[in-house]
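These notes are about the structure you will find just below.
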Amino acid sequence: MDKISIIIPVYNVEPFISKCLDSIAIQTFTDFEALLINDGSTDKSGEICEAYSMKDSRIKVFHKKNGGVSSAKNLGLKYATGQYIGFVDSDDFVAPDMYEMLYKAINKENVQIGIANYYKANDTQSVAMTNSLKIPDGIISTRNMLRYQFQRDHYMGFCGYLWNKLFLSEAIKNSDLRFDESINYGEDVLFLAKLVIENKCTGTYIDKPVYHYYQRVGSISKSASLEVQQDILKAYKMICSLFSDSDYEDMEFWVRGFYCHHASIIAETAINNKDKETLALMQYELRYHLSDYMRSNRAFPEKFYRMETLLNYNL
């Protein structure tokens with residue numbers, strides 16, 4: 001019988017991990033293994049994980065020194081034994097039928113990747129994502145698997161994250177793919193782009209939100225650290241190289257447009273930190289990639305005013 005390996009990196013999520021694991025334990029697809037990778041937590045996260053593993057033999061815990069989320073996911077890939085692989089962030093939770101739904105979708109269409117819509121949540125609300133352009137039913141081509149994740153404003157329910165997806169593990173193993181451990185922010189989108197390009201992956205999409213993505217204060221994606229934020233620029237430069245060396249070079253401008261977007265976020269952080277040197281560096285990046293940003297955002301001209309403001313800001 002097919003099995004799903006669910007890889008869950010864990011780091012200092014004591015208030016959230018129980019809700020996450022409770023949602024995994026009640027999955028209607030019951031033949032799974034949950035690989036909890038405790039990445040050197042300093043709170044009680046590791047103890048909570050161990051307690052769950054004592055109650056459910058499908059839950060396995062691995063403790064390691066802190067090395068970042070990419071190294072934690074790589075350890076999960078090392079020990080995963082399932083024919084399918086999913087990823088869950090330890091401060092999120094999932095609907096009971098998420099993995100059964102994705103498993104059936106992959107097998108119905110005979111594709112390598114199943115994708116589902118999701119909720120974006122914070123402490124006050126939970127909002128289902130909507131796609132302004134419809135993703136057709138059935139098989140998604142390799143080209144569109146790449147395009148949808150970089151046309152994010154049109155396809156918000158698709159995104160470049162891994163946690164709303166299920167992967168045929170054979171596709172990952174075929175290319176011996178691993179996360180770049182020098183990158184801990186943006187590692188998902190880099191991994192997904194590599195996987196799709198190297199294996200010419202096709203996919204299928206279900207427009208039903210089943211993953212609850214919780215944006216908490218203090219998470220790595222909300223970190224004010226410029227060093228962490230600049231990881232994503234490294235990731236997007238590597239993705240640009242992947243596109244330029246592939247059959248999808250004509251779509252590289254979408255990636256460069258997103259590079260420009262993330263440079264603008266770093267510029268805003270630099271302004272808040274009164275960091276003149278970083279602001280100047282990001283303004284250079286904005287100018288260099290501005291034409292790609294404008295080309296990839298033609299449907300959203302209101303964004304250009306923000307970009308112009310950042311380009312002309314002086315500290």
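Convention: chains lettered A, B, ... in structure tokens order; per-chain residue numbering from 1; ligands numbered from 1 as shown.
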
Nearby residues (only C-alpha atoms) at most 9 Å from Cys20 in chain A, same-chain spacing under 4 positions excluded, as number ranges by chain
A: 16, 24-25, 88-94

Report the closest atom pair, with its distance in Å rounded to one decimal, for each residue of range 127-220 of chain A that has an atom no farther than 8 Å from range 248-263 of chain A; count only C-alpha atoms, sort by chain and then rising residue number, and write it as JSON lines.
```
{"residue": "A:Arg143", "atom": "CA", "partner": "A:Tyr248", "partner_atom": "CA", "distance": 7.3}
{"residue": "A:Arg147", "atom": "CA", "partner": "A:Met251", "partner_atom": "CA", "distance": 7.4}
{"residue": "A:Phe150", "atom": "CA", "partner": "A:Trp254", "partner_atom": "CA", "distance": 5.8}
{"residue": "A:Gln151", "atom": "CA", "partner": "A:Trp254", "partner_atom": "CA", "distance": 7.1}
```

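Atom pair CA of Ser71 in chain A / CA of Leu36 in chain A: separated by 12.8 Å.
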
At a cut-off of 9 Å, using only C-alpha atoms, what residues contact range 234-237 of chain A? Leave out same-chain residues fewer than 4 positions from it and give the result as a ChimeraX atom specification.
/A:180,183,185-187,189-190,230,241-242,255-256,258-259

Any chance you can output those residues with all heavy atoms as a CSV table (one decimal), in the first residue's frame?
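Saved result, out.csv, follows:
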```
chain,number,residue,atom,x,y,z
A,180,ASP,N,19.2,23.7,-0.6
A,180,ASP,CA,20.5,24.4,-0.4
A,180,ASP,C,20.6,24.9,1.0
A,180,ASP,O,19.8,25.8,1.4
A,180,ASP,CB,20.5,25.5,-1.4
A,180,ASP,CG,21.9,26.2,-1.5
A,180,ASP,OD1,22.5,26.4,-0.4
A,180,ASP,OD2,22.3,26.7,-2.5
A,183,ILE,N,20.7,28.5,2.3
A,183,ILE,CA,19.6,29.4,2.1
A,183,ILE,C,18.5,28.9,3.1
A,183,ILE,O,18.1,27.7,3.1
A,183,ILE,CB,19.0,29.3,0.7
A,183,ILE,CG1,20.1,30.0,-0.3
A,183,ILE,CG2,17.7,30.1,0.6
A,183,ILE,CD1,19.7,29.9,-1.7
A,185,TYR,N,15.6,31.1,3.7
A,185,TYR,CA,14.4,31.9,3.4
A,185,TYR,C,14.4,31.9,1.8
A,185,TYR,O,15.2,32.5,1.2
A,185,TYR,CB,14.5,33.2,4.0
A,185,TYR,CG,13.3,34.1,3.8
A,185,TYR,CD1,12.0,33.6,3.7
A,185,TYR,CD2,13.4,35.5,3.6
A,185,TYR,CE1,10.9,34.4,3.5
A,185,TYR,CE2,12.3,36.3,3.4
A,185,TYR,CZ,11.1,35.8,3.3
A,185,TYR,OH,10.0,36.6,3.1
A,186,GLY,N,13.4,31.3,1.3
A,186,GLY,CA,13.3,31.2,-0.2
A,186,GLY,C,13.7,29.8,-0.7
A,186,GLY,O,13.8,29.6,-1.8
A,187,GLU,N,14.0,28.9,0.3
A,187,GLU,CA,14.5,27.6,-0.1
A,187,GLU,C,13.4,26.8,-0.8
A,187,GLU,O,13.6,25.9,-1.6
A,187,GLU,CB,15.0,26.8,1.2
A,187,GLU,CG,13.9,26.2,2.1
A,187,GLU,CD,13.1,27.2,2.9
A,187,GLU,OE1,13.5,28.4,3.0
A,187,GLU,OE2,12.1,26.8,3.6
A,189,VAL,N,10.9,27.9,-2.9
A,189,VAL,CA,10.7,28.2,-4.3
A,189,VAL,C,11.8,27.7,-5.2
A,189,VAL,O,11.6,27.3,-6.3
A,189,VAL,CB,10.4,29.7,-4.5
A,189,VAL,CG1,11.6,30.5,-4.1
A,189,VAL,CG2,9.9,30.1,-5.8
A,190,LEU,N,13.0,27.7,-4.6
A,190,LEU,CA,14.2,27.2,-5.3
A,190,LEU,C,14.1,25.7,-5.5
A,190,LEU,O,14.3,25.2,-6.6
A,190,LEU,CB,15.5,27.6,-4.6
A,190,LEU,CG,16.8,27.0,-5.1
A,190,LEU,CD1,17.0,27.4,-6.5
A,190,LEU,CD2,18.0,27.4,-4.2
A,230,GLN,N,17.9,38.6,2.7
A,230,GLN,CA,18.7,38.5,1.5
A,230,GLN,C,18.9,37.1,1.0
A,230,GLN,O,19.3,36.9,-0.1
A,230,GLN,CB,20.0,39.3,1.7
A,230,GLN,CG,19.7,40.8,1.8
A,230,GLN,CD,21.0,41.6,1.9
A,230,GLN,OE1,21.8,41.7,0.9
A,230,GLN,NE2,21.2,42.3,3.0
A,241,SER,N,19.2,31.4,-13.1
A,241,SER,CA,20.2,30.5,-13.9
A,241,SER,C,19.5,29.3,-14.3
A,241,SER,O,19.8,28.8,-15.5
A,241,SER,CB,21.4,30.2,-12.9
A,241,SER,OG,22.1,31.4,-12.6
A,242,LEU,N,18.7,28.7,-13.5
A,242,LEU,CA,17.9,27.5,-13.9
A,242,LEU,C,17.1,27.7,-15.2
A,242,LEU,O,17.1,26.9,-16.1
A,242,LEU,CB,17.0,27.0,-12.8
A,242,LEU,CG,17.7,26.4,-11.6
A,242,LEU,CD1,16.6,26.1,-10.5
A,242,LEU,CD2,18.4,25.0,-11.9
A,255,VAL,N,10.7,35.7,-13.1
A,255,VAL,CA,11.6,35.5,-11.9
A,255,VAL,C,12.3,36.7,-11.6
A,255,VAL,O,12.4,37.1,-10.4
A,255,VAL,CB,12.6,34.3,-12.2
A,255,VAL,CG1,13.4,34.0,-11.0
A,255,VAL,CG2,11.9,33.1,-12.7
A,256,ARG,N,12.9,37.4,-12.6
A,256,ARG,CA,13.6,38.7,-12.3
A,256,ARG,C,12.6,39.8,-11.7
A,256,ARG,O,13.0,40.6,-10.9
A,256,ARG,CB,14.2,39.2,-13.6
A,256,ARG,CG,15.4,38.3,-14.1
A,256,ARG,CD,16.2,39.0,-15.2
A,256,ARG,NE,15.4,39.4,-16.3
A,256,ARG,CZ,15.3,38.7,-17.5
A,256,ARG,NH1,16.0,37.5,-17.6
A,256,ARG,NH2,14.6,39.1,-18.5
A,258,PHE,N,10.1,39.1,-9.8
A,258,PHE,CA,10.0,38.7,-8.4
A,258,PHE,C,11.2,39.1,-7.6
A,258,PHE,O,11.2,39.4,-6.4
A,258,PHE,CB,9.6,37.3,-8.2
A,258,PHE,CG,8.2,37.1,-7.7
A,258,PHE,CD1,7.2,36.8,-8.5
A,258,PHE,CD2,7.9,37.3,-6.3
A,258,PHE,CE1,5.9,36.7,-8.1
A,258,PHE,CE2,6.6,37.2,-5.9
A,258,PHE,CZ,5.6,36.8,-6.7
A,259,TYR,N,12.4,38.9,-8.2
A,259,TYR,CA,13.6,39.3,-7.5
A,259,TYR,C,13.5,40.8,-7.2
A,259,TYR,O,13.9,41.2,-6.1
A,259,TYR,CB,14.8,39.1,-8.5
A,259,TYR,CG,16.2,39.5,-7.9
A,259,TYR,CD1,17.0,38.6,-7.4
A,259,TYR,CD2,16.6,40.8,-8.0
A,259,TYR,CE1,18.2,38.9,-6.9
A,259,TYR,CE2,17.8,41.2,-7.5
A,259,TYR,CZ,18.7,40.2,-6.9
A,259,TYR,OH,19.9,40.6,-6.4
```

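In this structure, CA of Ile8 in chain A sits 15.7 Å away from CA of Ala95 in chain A.
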
Shortest contact to Thr124 in chain A, candidates A:Ser5, A:Lys274, A:Tyr305, A:Tyr214, atoms counted only C-alpha atoms, goes to A:Tyr214

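Pairwise distance (CA of Tyr118 in chain A, CA of Val196 in chain A) equals 20.9 Å.
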
Close residues, Glu47 in chain A itself excluded, 12 Å, only C-alpha atoms, min 6 positions apart in chain, as a PyMOL selection string:
chain A and resi 10-14+17-18+36+38+40-41+53-54+61-63

Who sits within 9 Å of Thr204 in chain A, only C-alpha atoms, same chain under 3 positions skipped, as number ranges by chain:
A: 102, 105-106, 109, 111-116, 136-141, 145

Just to be explicit: take each residue in the selection above, keep C-alpha atoms, and write the result as a short mmCIF file (atom, residue, chain, number, x, y, z; two decimals), in the first residue's frame.
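File produced: out-v2.cif:
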```
data_model
loop_
_atom_site.label_atom_id
_atom_site.label_comp_id
_atom_site.auth_asym_id
_atom_site.auth_seq_id
_atom_site.Cartn_x
_atom_site.Cartn_y
_atom_site.Cartn_z
CA LEU A 102 -4.00 15.21 -3.05
CA ALA A 105 -5.68 13.79 -7.55
CA ILE A 106 -2.11 12.75 -8.40
CA GLU A 109 -4.18 12.50 -13.52
CA VAL A 111 1.20 13.48 -12.51
CA GLN A 112 4.10 14.08 -10.12
CA ILE A 113 2.69 16.96 -8.04
CA GLY A 114 -0.69 17.68 -6.48
CA ILE A 115 -1.50 21.23 -5.36
CA ALA A 116 -4.34 22.52 -3.18
CA PRO A 136 -7.95 24.67 -15.52
CA ASP A 137 -8.96 21.25 -14.24
CA GLY A 138 -6.87 18.24 -15.21
CA ILE A 139 -3.17 18.15 -16.00
CA ILE A 140 -1.01 21.26 -15.58
CA SER A 141 1.88 21.32 -18.06
CA MET A 145 3.74 24.61 -13.28
#
```

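Take the candidates A:Leu226, A:Ser70, A:Ser291, A:His212 and check each one against Phe191 in chain A using only C-alpha atoms; the shortest distance goes to A:Ser70.
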
Contact residues around range 307-311 of chain A with only C-alpha atoms at 12 Å, ignoring same-chain residues under 6 positions, as a PyMOL selection string
chain A and resi 257+260-271+279-291+293-294+297+301

Residues of range 130-232 of chain A classed as strand (DSSP E or B) by DSSP on the backbone are to be reported as a PyMOL selection string.
chain A and resi 131+140+155+165-168+203-214

I need the residues of range 19-111 of chain A that end up classed as helix (DSSP H, G or I) by DSSP on the backbone, written out as an MDAnalysis selection string.
chainID A and resid 19:25 45:55 69:79 98:109

With N, CA and C atoms kept, could you save the residues just selected as a compact mmCIF listing (two decimals), in the first residue's frame?
```
# COMPACT_ATOMS: atom_id res chain seq x y z
N LYS A 19 -1.32 21.66 17.92
CA LYS A 19 -2.41 21.83 16.95
C LYS A 19 -2.01 21.26 15.60
N CYS A 20 -0.77 21.49 15.21
CA CYS A 20 -0.25 20.96 13.96
C CYS A 20 -0.32 19.44 13.95
N LEU A 21 0.23 18.81 15.00
CA LEU A 21 0.30 17.36 15.04
C LEU A 21 -1.07 16.71 15.21
N ASP A 22 -1.96 17.37 15.92
CA ASP A 22 -3.33 16.86 16.03
C ASP A 22 -3.98 16.78 14.64
N SER A 23 -3.72 17.78 13.81
CA SER A 23 -4.32 17.79 12.47
C SER A 23 -3.71 16.70 11.58
N ILE A 24 -2.46 16.37 11.81
CA ILE A 24 -1.82 15.29 11.05
C ILE A 24 -2.37 13.94 11.50
N ALA A 25 -2.52 13.76 12.79
CA ALA A 25 -2.94 12.46 13.35
C ALA A 25 -4.30 12.01 12.87
N SER A 45 9.45 22.18 22.56
CA SER A 45 8.97 21.59 21.31
C SER A 45 9.39 20.13 21.17
N GLY A 46 10.66 19.85 21.46
CA GLY A 46 11.17 18.48 21.34
C GLY A 46 10.44 17.51 22.25
N GLU A 47 10.15 17.93 23.48
CA GLU A 47 9.44 17.08 24.43
C GLU A 47 8.02 16.79 23.94
N ILE A 48 7.37 17.80 23.38
CA ILE A 48 6.01 17.61 22.87
C ILE A 48 6.03 16.62 21.70
N CYS A 49 7.01 16.76 20.83
CA CYS A 49 7.14 15.82 19.71
C CYS A 49 7.31 14.39 20.21
N GLU A 50 8.17 14.20 21.21
CA GLU A 50 8.39 12.87 21.76
C GLU A 50 7.10 12.30 22.36
N ALA A 51 6.32 13.13 23.02
CA ALA A 51 5.06 12.67 23.62
C ALA A 51 4.10 12.17 22.54
N TYR A 52 4.05 12.87 21.41
CA TYR A 52 3.18 12.45 20.32
C TYR A 52 3.67 11.14 19.70
N SER A 53 4.99 10.98 19.60
CA SER A 53 5.53 9.75 19.01
C SER A 53 5.25 8.54 19.90
N MET A 54 5.13 8.77 21.20
CA MET A 54 4.80 7.68 22.13
C MET A 54 3.35 7.23 21.95
N LYS A 55 2.50 8.15 21.52
CA LYS A 55 1.08 7.84 21.37
C LYS A 55 0.75 7.29 19.98
N VAL A 69 16.31 25.63 8.57
CA VAL A 69 15.18 24.87 8.05
C VAL A 69 15.58 23.99 6.86
N SER A 70 16.53 24.43 6.05
CA SER A 70 16.93 23.63 4.89
C SER A 70 17.61 22.33 5.33
N SER A 71 18.47 22.42 6.33
CA SER A 71 19.13 21.21 6.82
C SER A 71 18.13 20.27 7.48
N ALA A 72 17.12 20.83 8.14
CA ALA A 72 16.08 20.01 8.76
C ALA A 72 15.29 19.26 7.69
N LYS A 73 14.92 19.95 6.62
CA LYS A 73 14.17 19.29 5.55
C LYS A 73 15.02 18.22 4.86
N ASN A 74 16.30 18.47 4.72
CA ASN A 74 17.18 17.46 4.10
C ASN A 74 17.26 16.20 4.95
N LEU A 75 17.28 16.37 6.28
CA LEU A 75 17.28 15.19 7.14
C LEU A 75 15.98 14.42 6.98
N GLY A 76 14.88 15.14 6.84
CA GLY A 76 13.60 14.49 6.59
C GLY A 76 13.61 13.70 5.29
N LEU A 77 14.18 14.28 4.23
CA LEU A 77 14.27 13.57 2.95
C LEU A 77 15.13 12.32 3.09
N LYS A 78 16.17 12.40 3.89
CA LYS A 78 17.07 11.24 4.09
C LYS A 78 16.32 10.04 4.66
N TYR A 79 15.41 10.30 5.59
CA TYR A 79 14.73 9.20 6.29
C TYR A 79 13.34 8.90 5.75
N MET A 98 -6.80 16.49 3.61
CA MET A 98 -5.84 17.11 2.69
C MET A 98 -5.04 16.06 1.91
N TYR A 99 -4.41 15.14 2.61
CA TYR A 99 -3.51 14.22 1.92
C TYR A 99 -4.26 13.15 1.13
N GLU A 100 -5.42 12.75 1.58
CA GLU A 100 -6.23 11.82 0.78
C GLU A 100 -6.64 12.49 -0.54
N MET A 101 -7.02 13.74 -0.46
CA MET A 101 -7.46 14.48 -1.63
C MET A 101 -6.32 14.64 -2.64
N LEU A 102 -5.13 15.01 -2.15
CA LEU A 102 -4.00 15.21 -3.05
C LEU A 102 -3.51 13.88 -3.63
N TYR A 103 -3.51 12.84 -2.81
CA TYR A 103 -3.11 11.51 -3.28
C TYR A 103 -4.02 11.05 -4.42
N LYS A 104 -5.31 11.18 -4.26
CA LYS A 104 -6.26 10.76 -5.30
C LYS A 104 -6.10 11.61 -6.56
N ALA A 105 -5.84 12.90 -6.39
CA ALA A 105 -5.68 13.79 -7.55
C ALA A 105 -4.45 13.42 -8.37
N ILE A 106 -3.33 13.14 -7.70
CA ILE A 106 -2.11 12.75 -8.40
C ILE A 106 -2.33 11.47 -9.19
N ASN A 107 -2.98 10.50 -8.58
CA ASN A 107 -3.18 9.22 -9.25
C ASN A 107 -4.23 9.28 -10.34
N LYS A 108 -5.22 10.11 -10.18
CA LYS A 108 -6.23 10.27 -11.22
C LYS A 108 -5.62 10.83 -12.49
N GLU A 109 -4.75 11.83 -12.36
CA GLU A 109 -4.18 12.50 -13.52
C GLU A 109 -2.82 11.94 -13.94
```

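With distances restricted to only C-alpha atoms, A:Phe29 is the closest residue to Asp97 in chain A from A:Tyr313, A:Phe29, A:Phe304, A:Phe167.
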